[in-house]
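> Quick one: this structure, given as C-alpha cells, is what I'll be asking you about.
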Amino acid sequence: MDAADVERALTRVMRRIDSPLGEVRSLQRVTGGATKRTWSFDWHAAGHVDRLILQTVDALPARRHGPPKLAAAEDAALMVAARRAGVAAPVVRHVLQPDDALGDGTITERVDGETLGRKVVHDPALAPARRRLAAQCGAALARIHRMPPGGLGFLQRLSPADELATYGALLAEHDLGDPALAYALRWVGANLPRRWDVGVVHADFRTGNLIVGPEGLACILDWEIARIGDPMQDLAVLCLRTWRFGGAGEVGGFGSRAELYAAYEAAGGRVDVERVRFWEAFSNLKWAISCVRRGLATRADGRPASLELAAVGRRLEEPLWDFLALARSVA
C-alpha cells in the first residue's frame, strides 16, 4: 500500500473508533524493521490531537517449528498486561481487524525519544540519560519477569533445552556446514543450566528496541517474540556486544553490569551471574543462526529476499567470535 492508500484506510478506522469527523494528518513512514511497516501520524478530532503510531506486520507463515512469534492481538494483550505491571510498554489504542484493510497490526500512542542505537549510545545530548539507563533497564526487567502469567496463555514456555532444540532445528533447515556453528551447538548442549527460574521473558530487550528520552528509558518496544522462560536471558541479551553499537558500556553500550544487576535485585529480581554468561553465549549463537536465516532468505521465485537481509547475513562471524570468547570464559 502506498501512503495515500494507508491514509484513506486509516482515516476510516479512526473515524469508526474515535470520531466520525476526525482527520489523519502528517502521515509519515518511519523505520520499522525487516518485517514491519511503521507509520507516524497525528489524529485531529473534536478539538484534540492524538500523536499515534500505526504498525503492521507480515502475516505469520505456517511452520513446523521456530521461535515464538506473537500475532498482533497477542502482542497487544501482552503490552496491555505489561503496562498493568508498571512497565513502560506502548499504550494500545486499537488492534487492526480484517475489515480495517490494513493487515495485521496495532495503533499505539506515540512516545517521544530516540531509538537508533548509535544515537542512544553516542549522542552528547543523551549523556545524562545514559547515566541512569542501565539502572532503569534493570528495574524494568525485574517488573517484566514478575508479571503474572494469568491471561498470557498464548506465550510459549521454553526451557533452555527447548531453546536449543528450536534454534538447532532452524539452522538444520539450511545446507550450511559451518564448523563453528556446529561446535557452538554442542557447547550449548553440554552447558545447559541444571536449574533455572521461570518468568515472562521479553527476549529482545536491547538497545534499538528502547525509546530513550532526556530522562532515560521512555518505552520498551518489540514484544512479539516474548515467551515464558529463564529471565536471565533478558539480562544477557542487553549485554550482547552486537547491540552496544560501538558504545563502551557492557550493558547496551551505555552502562555497567554492576548498575544493571544492582537495580534488578533492588526491584525484586535475583541475578545468577553464571546463567547470565551462559545465556550471553547462547544468545550470540541465536543471533548467528538468525544471520544465516536472513542471509539465505529468498522470495518465492528463488531470488534473495532483500539487500537488507543479505547484509545482515554477512554479519555471521561477529556473534560467532563473541560466542567463542564467552564460551572460553564460562568454561
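Labels used: A, B, ... for chains in the order of the C-alpha cells, numbers from 1 for residues in each chain, and numbers from 1 for ligands as shown.
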Name all residues at most 10 Å from region 261-271 of chain A (count only C-alpha atoms; drop same-chain ones fewer than 2 positions away) and give them as a list in words.
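The residues that qualify are Ala134, Ala135, Gln136, Cys137, Gly138, Ala139, Ala140, Leu141, Ala142, Arg143, Ile144, His145, Arg146, Asp197, Pro231, Met232, Leu235, Ser256, Arg257, Ala258, Glu259, Val273, Glu274, Arg275 and Val276 of chain A.
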> Need the shell around Arg195 (chain A): protein/DNA/RNA residues with any atom at most 12 Å away, counting only C-alpha atoms. Skip same-chain ones fewer than 4 positions apart. Format as a list of chain:residue names?
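Neighbouring residues, sequence-local ones excluded: A:Ser159, A:Pro160, A:Ala161, A:Asn191, A:Gly229, A:Asp230, A:Met232, A:Asp272, A:Glu274, A:Arg275.
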> Could those residues be written to a file, using all heavy atoms, as a PDB file, in the first residue's frame?

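part.pdb written:
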```pdb
ATOM      1  N   SER A 159      12.099 -24.078  27.895  1.00  0.00           N
ATOM      2  CA  SER A 159      13.251 -24.316  28.778  1.00  0.00           C
ATOM      3  C   SER A 159      14.529 -24.053  27.982  1.00  0.00           C
ATOM      4  O   SER A 159      14.495 -23.930  26.746  1.00  0.00           O
ATOM      5  CB  SER A 159      13.225 -25.764  29.261  1.00  0.00           C
ATOM      6  OG  SER A 159      13.521 -26.630  28.180  1.00  0.00           O
ATOM      7  N   PRO A 160      15.682 -23.996  28.634  1.00  0.00           N
ATOM      8  CA  PRO A 160      16.927 -23.870  27.871  1.00  0.00           C
ATOM      9  C   PRO A 160      17.088 -24.973  26.833  1.00  0.00           C
ATOM     10  O   PRO A 160      17.536 -24.717  25.710  1.00  0.00           O
ATOM     11  CB  PRO A 160      18.001 -23.939  28.962  1.00  0.00           C
ATOM     12  CG  PRO A 160      17.331 -23.374  30.174  1.00  0.00           C
ATOM     13  CD  PRO A 160      15.912 -23.866  30.084  1.00  0.00           C
ATOM     14  N   ALA A 161      16.716 -26.207  27.185  1.00  0.00           N
ATOM     15  CA  ALA A 161      16.813 -27.307  26.218  1.00  0.00           C
ATOM     16  C   ALA A 161      15.857 -27.096  25.051  1.00  0.00           C
ATOM     17  O   ALA A 161      16.187 -27.398  23.893  1.00  0.00           O
ATOM     18  CB  ALA A 161      16.523 -28.636  26.910  1.00  0.00           C
ATOM     19  N   ASN A 191      26.391 -27.403  28.207  1.00  0.00           N
ATOM     20  CA  ASN A 191      26.425 -26.438  29.312  1.00  0.00           C
ATOM     21  C   ASN A 191      25.039 -25.918  29.698  1.00  0.00           C
ATOM     22  O   ASN A 191      24.927 -24.863  30.339  1.00  0.00           O
ATOM     23  CB  ASN A 191      27.324 -25.252  28.933  1.00  0.00           C
ATOM     24  CG  ASN A 191      28.793 -25.609  28.919  1.00  0.00           C
ATOM     25  OD1 ASN A 191      29.468 -25.565  29.943  1.00  0.00           O
ATOM     26  ND2 ASN A 191      29.290 -25.989  27.749  1.00  0.00           N
ATOM     27  N   GLY A 229      10.127 -18.294  30.143  1.00  0.00           N
ATOM     28  CA  GLY A 229      11.416 -18.972  30.163  1.00  0.00           C
ATOM     29  C   GLY A 229      12.291 -18.458  31.285  1.00  0.00           C
ATOM     30  O   GLY A 229      11.792 -17.921  32.286  1.00  0.00           O
ATOM     31  N   ASP A 230      13.585 -18.619  31.122  1.00  0.00           N
ATOM     32  CA  ASP A 230      14.554 -18.194  32.123  1.00  0.00           C
ATOM     33  C   ASP A 230      14.793 -16.692  31.993  1.00  0.00           C
ATOM     34  O   ASP A 230      15.318 -16.227  30.973  1.00  0.00           O
ATOM     35  CB  ASP A 230      15.868 -18.954  31.925  1.00  0.00           C
ATOM     36  CG  ASP A 230      16.897 -18.631  32.997  1.00  0.00           C
ATOM     37  OD1 ASP A 230      16.643 -17.751  33.849  1.00  0.00           O
ATOM     38  OD2 ASP A 230      17.969 -19.263  32.986  1.00  0.00           O
ATOM     39  N   MET A 232      17.044 -14.819  33.020  1.00  0.00           N
ATOM     40  CA  MET A 232      18.431 -14.399  32.860  1.00  0.00           C
ATOM     41  C   MET A 232      18.783 -14.122  31.402  1.00  0.00           C
ATOM     42  O   MET A 232      19.733 -13.390  31.119  1.00  0.00           O
ATOM     43  CB  MET A 232      19.375 -15.441  33.451  1.00  0.00           C
ATOM     44  CG  MET A 232      19.302 -15.606  34.962  1.00  0.00           C
ATOM     45  SD  MET A 232      19.646 -14.097  35.920  1.00  0.00           S
ATOM     46  CE  MET A 232      17.969 -13.514  36.292  1.00  0.00           C
ATOM     47  N   ASP A 272      21.676 -14.421  38.629  1.00  0.00           N
ATOM     48  CA  ASP A 272      22.594 -15.558  38.638  1.00  0.00           C
ATOM     49  C   ASP A 272      23.621 -15.271  37.543  1.00  0.00           C
ATOM     50  O   ASP A 272      23.352 -15.460  36.358  1.00  0.00           O
ATOM     51  CB  ASP A 272      21.843 -16.861  38.347  1.00  0.00           C
ATOM     52  CG  ASP A 272      22.726 -18.094  38.440  1.00  0.00           C
ATOM     53  OD1 ASP A 272      23.889 -18.021  37.995  1.00  0.00           O
ATOM     54  OD2 ASP A 272      22.253 -19.139  38.928  1.00  0.00           O
ATOM     55  N   GLU A 274      26.370 -16.658  36.587  1.00  0.00           N
ATOM     56  CA  GLU A 274      26.794 -17.774  35.747  1.00  0.00           C
ATOM     57  C   GLU A 274      25.771 -18.049  34.650  1.00  0.00           C
ATOM     58  O   GLU A 274      26.126 -18.295  33.496  1.00  0.00           O
ATOM     59  CB  GLU A 274      26.994 -19.020  36.613  1.00  0.00           C
ATOM     60  CG  GLU A 274      27.480 -20.228  35.831  1.00  0.00           C
ATOM     61  CD  GLU A 274      27.721 -21.437  36.720  1.00  0.00           C
ATOM     62  OE1 GLU A 274      27.751 -21.276  37.962  1.00  0.00           O
ATOM     63  OE2 GLU A 274      27.855 -22.549  36.173  1.00  0.00           O
ATOM     64  N   ARG A 275      24.479 -17.993  34.994  1.00  0.00           N
ATOM     65  CA  ARG A 275      23.456 -18.227  33.977  1.00  0.00           C
ATOM     66  C   ARG A 275      23.385 -17.073  32.979  1.00  0.00           C
ATOM     67  O   ARG A 275      23.127 -17.291  31.798  1.00  0.00           O
ATOM     68  CB  ARG A 275      22.082 -18.454  34.622  1.00  0.00           C
ATOM     69  CG  ARG A 275      21.961 -19.811  35.251  1.00  0.00           C
ATOM     70  CD  ARG A 275      20.558 -20.352  35.359  1.00  0.00           C
ATOM     71  NE  ARG A 275      19.440 -19.457  35.422  1.00  0.00           N
ATOM     72  CZ  ARG A 275      18.914 -18.957  36.549  1.00  0.00           C
ATOM     73  NH1 ARG A 275      19.444 -19.240  37.717  1.00  0.00           N
ATOM     74  NH2 ARG A 275      17.861 -18.175  36.487  1.00  0.00           N
TER      75      ARG A 275
END
```
> If we count only C-alpha atoms, what is near Leu116 (chain A) at a cut-off of 9 Å, once residues fewer than 2 positions away on the same chain are taken out, given as a PyMOL selection string?
chain A and resi 114+118-121+207-211
> Could you please take those selected residues and save all heavy atoms as a short mmCIF file (atom, residue, chain, number, x, y, z; two decimals), in the first residue's frame?

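Dumped everything to selection-v4.cif:
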```
data_model
loop_
_atom_site.label_atom_id
_atom_site.label_comp_id
_atom_site.auth_asym_id
_atom_site.auth_seq_id
_atom_site.Cartn_x
_atom_site.Cartn_y
_atom_site.Cartn_z
N GLU A 114 14.49 8.69 21.32
CA GLU A 114 15.40 8.14 20.32
C GLU A 114 15.42 6.62 20.38
O GLU A 114 15.44 6.04 21.47
CB GLU A 114 16.82 8.68 20.55
CG GLU A 114 17.83 8.26 19.51
CD GLU A 114 17.43 8.72 18.12
OE1 GLU A 114 17.45 9.94 17.87
OE2 GLU A 114 17.06 7.82 17.31
N ARG A 118 22.98 3.82 17.63
CA ARG A 118 24.19 4.64 17.65
C ARG A 118 23.95 5.99 18.29
O ARG A 118 24.83 6.53 18.97
CB ARG A 118 24.74 4.80 16.23
CG ARG A 118 25.31 3.49 15.68
CD ARG A 118 26.25 3.71 14.51
NE ARG A 118 26.84 2.44 14.11
CZ ARG A 118 27.90 1.89 14.68
NH1 ARG A 118 28.50 2.52 15.69
NH2 ARG A 118 28.37 0.74 14.26
N LYS A 119 22.76 6.56 18.07
CA LYS A 119 22.46 7.84 18.72
C LYS A 119 22.27 7.66 20.23
O LYS A 119 22.70 8.49 21.02
CB LYS A 119 21.22 8.47 18.09
CG LYS A 119 21.47 9.04 16.71
CD LYS A 119 20.29 9.89 16.26
CE LYS A 119 20.59 10.58 14.93
NZ LYS A 119 19.48 11.46 14.50
N VAL A 120 21.61 6.56 20.62
CA VAL A 120 21.39 6.32 22.05
C VAL A 120 22.71 6.25 22.79
O VAL A 120 22.86 6.80 23.89
CB VAL A 120 20.59 5.02 22.26
CG1 VAL A 120 20.61 4.60 23.73
CG2 VAL A 120 19.15 5.19 21.78
N VAL A 121 23.72 5.61 22.20
CA VAL A 121 24.98 5.39 22.93
C VAL A 121 26.01 6.48 22.68
O VAL A 121 27.01 6.57 23.42
CB VAL A 121 25.58 4.01 22.61
CG1 VAL A 121 24.60 2.91 22.95
CG2 VAL A 121 26.04 3.90 21.18
N THR A 207 19.28 -2.32 23.24
CA THR A 207 19.40 -1.04 22.58
C THR A 207 18.91 -1.18 21.14
O THR A 207 19.29 -2.10 20.43
CB THR A 207 20.86 -0.56 22.59
OG1 THR A 207 21.35 -0.60 23.93
CG2 THR A 207 20.98 0.85 22.05
N GLY A 208 18.08 -0.25 20.72
CA GLY A 208 17.42 -0.34 19.42
C GLY A 208 15.96 -0.68 19.56
O GLY A 208 15.16 -0.33 18.69
N ASN A 209 15.61 -1.35 20.66
CA ASN A 209 14.21 -1.65 20.96
C ASN A 209 13.73 -0.85 22.17
O ASN A 209 12.69 -1.17 22.74
CB ASN A 209 14.01 -3.14 21.22
CG ASN A 209 14.07 -3.95 19.94
OD1 ASN A 209 13.90 -3.42 18.85
ND2 ASN A 209 14.31 -5.24 20.05
N LEU A 210 14.51 0.15 22.54
CA LEU A 210 14.15 1.03 23.66
C LEU A 210 14.00 2.45 23.14
O LEU A 210 14.83 2.91 22.34
CB LEU A 210 15.23 1.00 24.74
CG LEU A 210 15.71 -0.38 25.22
CD1 LEU A 210 16.87 -0.20 26.20
CD2 LEU A 210 14.57 -1.15 25.86
N ILE A 211 12.97 3.15 23.57
CA ILE A 211 12.87 4.58 23.30
C ILE A 211 13.51 5.30 24.48
O ILE A 211 13.13 5.10 25.63
CB ILE A 211 11.41 5.04 23.14
CG1 ILE A 211 10.76 4.33 21.94
CG2 ILE A 211 11.35 6.55 22.94
CD1 ILE A 211 9.30 4.71 21.71
#
```
> Can you list, as a PyMOL selection string, all residues belonging to region 168-214 of chain A that DSSP tags as strand (DSSP E or B)?
chain A and resi 199-201+210-213
> Dump all heavy atoms for the selected residues as a compact mmCIF listing (two decimals), in the first residue's frame?

```txt
# COMPACT_ATOMS: atom_id res chain seq x y z
N GLY A 199 9.77 -17.19 34.21
CA GLY A 199 9.05 -15.92 34.22
C GLY A 199 8.76 -15.46 32.81
O GLY A 199 9.17 -16.09 31.83
N VAL A 200 8.02 -14.37 32.70
CA VAL A 200 7.79 -13.75 31.40
C VAL A 200 9.11 -13.16 30.92
O VAL A 200 9.78 -12.44 31.66
CB VAL A 200 6.71 -12.66 31.47
CG1 VAL A 200 6.59 -11.93 30.13
CG2 VAL A 200 5.37 -13.26 31.88
N VAL A 201 9.50 -13.47 29.70
CA VAL A 201 10.76 -13.02 29.13
C VAL A 201 10.47 -12.21 27.86
O VAL A 201 9.77 -12.70 26.97
CB VAL A 201 11.67 -14.22 28.80
CG1 VAL A 201 12.94 -13.77 28.09
CG2 VAL A 201 12.01 -15.00 30.07
N LEU A 210 14.51 0.15 22.54
CA LEU A 210 14.15 1.03 23.66
C LEU A 210 14.00 2.45 23.14
O LEU A 210 14.83 2.91 22.34
CB LEU A 210 15.23 1.00 24.74
CG LEU A 210 15.71 -0.38 25.22
CD1 LEU A 210 16.87 -0.20 26.20
CD2 LEU A 210 14.57 -1.15 25.86
N ILE A 211 12.97 3.15 23.57
CA ILE A 211 12.87 4.58 23.30
C ILE A 211 13.51 5.30 24.48
O ILE A 211 13.13 5.10 25.63
CB ILE A 211 11.41 5.04 23.14
CG1 ILE A 211 10.76 4.33 21.94
CG2 ILE A 211 11.35 6.55 22.94
CD1 ILE A 211 9.30 4.71 21.71
N VAL A 212 14.50 6.12 24.17
CA VAL A 212 15.27 6.81 25.21
C VAL A 212 15.07 8.31 25.04
O VAL A 212 15.29 8.87 23.95
CB VAL A 212 16.77 6.45 25.11
CG1 VAL A 212 17.56 7.19 26.18
CG2 VAL A 212 16.96 4.94 25.27
N GLY A 213 14.63 8.95 26.13
CA GLY A 213 14.44 10.38 26.13
C GLY A 213 15.41 11.07 27.07
O GLY A 213 16.32 10.43 27.62
```
> Out of region 9-252 of chain A, which residues get helix (DSSP H, G or I) from DSSP, as JSON, numbers by chain?
{"A": [9, 10, 11, 12, 13, 14, 15, 16, 17, 72, 73, 74, 75, 76, 77, 78, 79, 80, 81, 82, 83, 84, 98, 99, 100, 117, 118, 119, 120, 121, 122, 124, 125, 126, 127, 128, 129, 130, 131, 132, 133, 134, 135, 136, 137, 138, 139, 140, 141, 142, 143, 144, 145, 160, 161, 162, 163, 164, 165, 166, 167, 168, 169, 170, 171, 172, 179, 180, 181, 182, 183, 184, 185, 186, 187, 188, 189, 190, 232, 233, 234, 235, 236, 237, 238, 239, 241, 242, 243, 244]}
> Counting only C-alpha atoms, figure out which residue out of A:Thr115, A:Leu155, A:Ile53, A:Arg83 gets nearest to Val95 (chain A).
A:Ile53
> Could you jot down the CA of Leu133 (chain A) to CA of Phe254 (chain A) separation for me, Å, one decimal place?
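Spanning CA of Leu133 (chain A) to CA of Phe254 (chain A) is a straight-line distance of 7.3 Å.
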> Between A:Val292, A:Leu10, A:Val312, A:Ala46, which one has atoms that come closest to Asp178 (chain A), using only C-alpha atoms?
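Closest to Asp178 (chain A) of all the choices is A:Val292.
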> Env of region 181-185 of chain A: 9 Å cut, atoms = only C-alpha atoms, seq-sep filter 4 positions within chain, self excluded. Answer as a list in words.
Leu164, Gly168, Leu171, Gly177, Gly189, Ala190, Ala281, Phe282, Leu285, Ala288, Ile289, Leu320, Phe323, Leu324 and Ala327 of chain A
> Please measure the separation of CA of Glu109 (chain A) and CA of Ala81 (chain A), giving the value in Å to one decimal.
15.9 Å
> Applying 12 Å and only C-alpha atoms, which residues near Leu70 (chain A) remain after dropping the ones on its own chain fewer than 4 positions away? List them as an MDAnalysis selection string.
chainID A and resid 57:61 66 74:79 104:105 152:156 202 222:227
> Store the residues of this selection in a file with N, CA, C and O atoms, as a compact mmCIF listing (two decimals), in the first residue's frame.

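Wrote again08.txt, looks like this:
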```txt
# COMPACT_ATOMS: atom_id res chain seq x y z
N VAL A 57 2.37 -5.81 10.41
CA VAL A 57 3.37 -6.87 10.32
C VAL A 57 2.94 -7.86 9.26
O VAL A 57 1.75 -8.00 8.93
N ASP A 58 3.93 -8.60 8.73
CA ASP A 58 3.62 -9.65 7.79
C ASP A 58 2.83 -10.75 8.49
O ASP A 58 3.05 -11.04 9.67
N ALA A 59 1.90 -11.36 7.77
CA ALA A 59 1.14 -12.48 8.34
C ALA A 59 2.10 -13.60 8.72
O ALA A 59 3.11 -13.84 8.05
N LEU A 60 1.79 -14.28 9.81
CA LEU A 60 2.67 -15.34 10.29
C LEU A 60 2.62 -16.55 9.35
O LEU A 60 1.53 -17.06 9.07
N PRO A 61 3.78 -16.99 8.85
CA PRO A 61 3.77 -18.15 7.97
C PRO A 61 3.53 -19.43 8.74
O PRO A 61 3.87 -19.54 9.92
N GLY A 66 10.03 -23.27 15.30
CA GLY A 66 10.62 -21.94 15.23
C GLY A 66 10.42 -21.21 16.54
O GLY A 66 9.65 -21.65 17.40
N GLU A 74 -2.14 -10.85 20.18
CA GLU A 74 -1.38 -11.36 21.33
C GLU A 74 -0.34 -10.34 21.78
O GLU A 74 -0.15 -10.10 22.98
N ASP A 75 0.34 -9.76 20.82
CA ASP A 75 1.33 -8.71 21.11
C ASP A 75 0.67 -7.57 21.88
O ASP A 75 1.20 -7.07 22.89
N ALA A 76 -0.51 -7.16 21.42
CA ALA A 76 -1.23 -6.07 22.08
C ALA A 76 -1.63 -6.46 23.50
O ALA A 76 -1.49 -5.67 24.44
N ALA A 77 -2.13 -7.69 23.67
CA ALA A 77 -2.53 -8.15 25.01
C ALA A 77 -1.35 -8.16 25.96
O ALA A 77 -1.49 -7.81 27.14
N LEU A 78 -0.19 -8.53 25.46
CA LEU A 78 1.00 -8.55 26.31
C LEU A 78 1.40 -7.13 26.70
O LEU A 78 1.77 -6.88 27.86
N MET A 79 1.34 -6.19 25.78
CA MET A 79 1.68 -4.81 26.10
C MET A 79 0.71 -4.22 27.11
O MET A 79 1.11 -3.48 28.02
N ASP A 104 -2.41 -7.03 9.50
CA ASP A 104 -2.28 -7.32 10.93
C ASP A 104 -1.43 -6.26 11.60
O ASP A 104 -0.36 -5.90 11.08
N GLY A 105 -1.86 -5.79 12.75
CA GLY A 105 -1.05 -4.78 13.44
C GLY A 105 -1.83 -4.05 14.51
O GLY A 105 -2.91 -4.47 14.92
N LEU A 152 -2.03 -14.81 29.93
CA LEU A 152 -0.99 -14.80 28.89
C LEU A 152 -0.72 -16.23 28.42
O LEU A 152 0.42 -16.59 28.12
N GLY A 153 -1.76 -17.02 28.33
CA GLY A 153 -1.60 -18.41 27.95
C GLY A 153 -1.09 -18.61 26.54
O GLY A 153 -0.67 -19.71 26.17
N PHE A 154 -1.10 -17.55 25.72
CA PHE A 154 -0.58 -17.66 24.36
C PHE A 154 0.95 -17.66 24.32
O PHE A 154 1.54 -17.95 23.28
N LEU A 155 1.61 -17.32 25.43
CA LEU A 155 3.06 -17.33 25.44
C LEU A 155 3.59 -18.76 25.50
O LEU A 155 3.18 -19.54 26.36
N GLN A 156 4.51 -19.08 24.61
CA GLN A 156 5.13 -20.40 24.64
C GLN A 156 6.07 -20.50 25.85
O GLN A 156 6.72 -19.54 26.22
N HIS A 202 10.98 -11.00 27.79
CA HIS A 202 10.79 -10.17 26.60
C HIS A 202 11.53 -10.78 25.41
O HIS A 202 11.02 -10.81 24.30
N ASP A 222 8.83 -3.77 20.69
CA ASP A 222 9.09 -5.08 20.07
C ASP A 222 8.94 -6.25 21.04
O ASP A 222 9.90 -6.94 21.38
N TRP A 223 7.70 -6.52 21.41
CA TRP A 223 7.36 -7.59 22.34
C TRP A 223 7.00 -8.89 21.64
O TRP A 223 6.64 -9.87 22.30
N GLU A 224 7.12 -8.96 20.32
CA GLU A 224 6.49 -10.06 19.60
C GLU A 224 7.19 -11.41 19.70
O GLU A 224 6.65 -12.41 19.24
N ILE A 225 8.39 -11.48 20.28
CA ILE A 225 8.99 -12.80 20.47
C ILE A 225 9.08 -13.16 21.96
O ILE A 225 9.88 -14.01 22.36
N ALA A 226 8.24 -12.53 22.77
CA ALA A 226 8.22 -12.84 24.21
C ALA A 226 7.83 -14.29 24.43
O ALA A 226 7.19 -14.93 23.59
N ARG A 227 8.21 -14.81 25.60
CA ARG A 227 7.96 -16.21 25.94
C ARG A 227 7.97 -16.38 27.45
O ARG A 227 8.30 -15.44 28.18
```
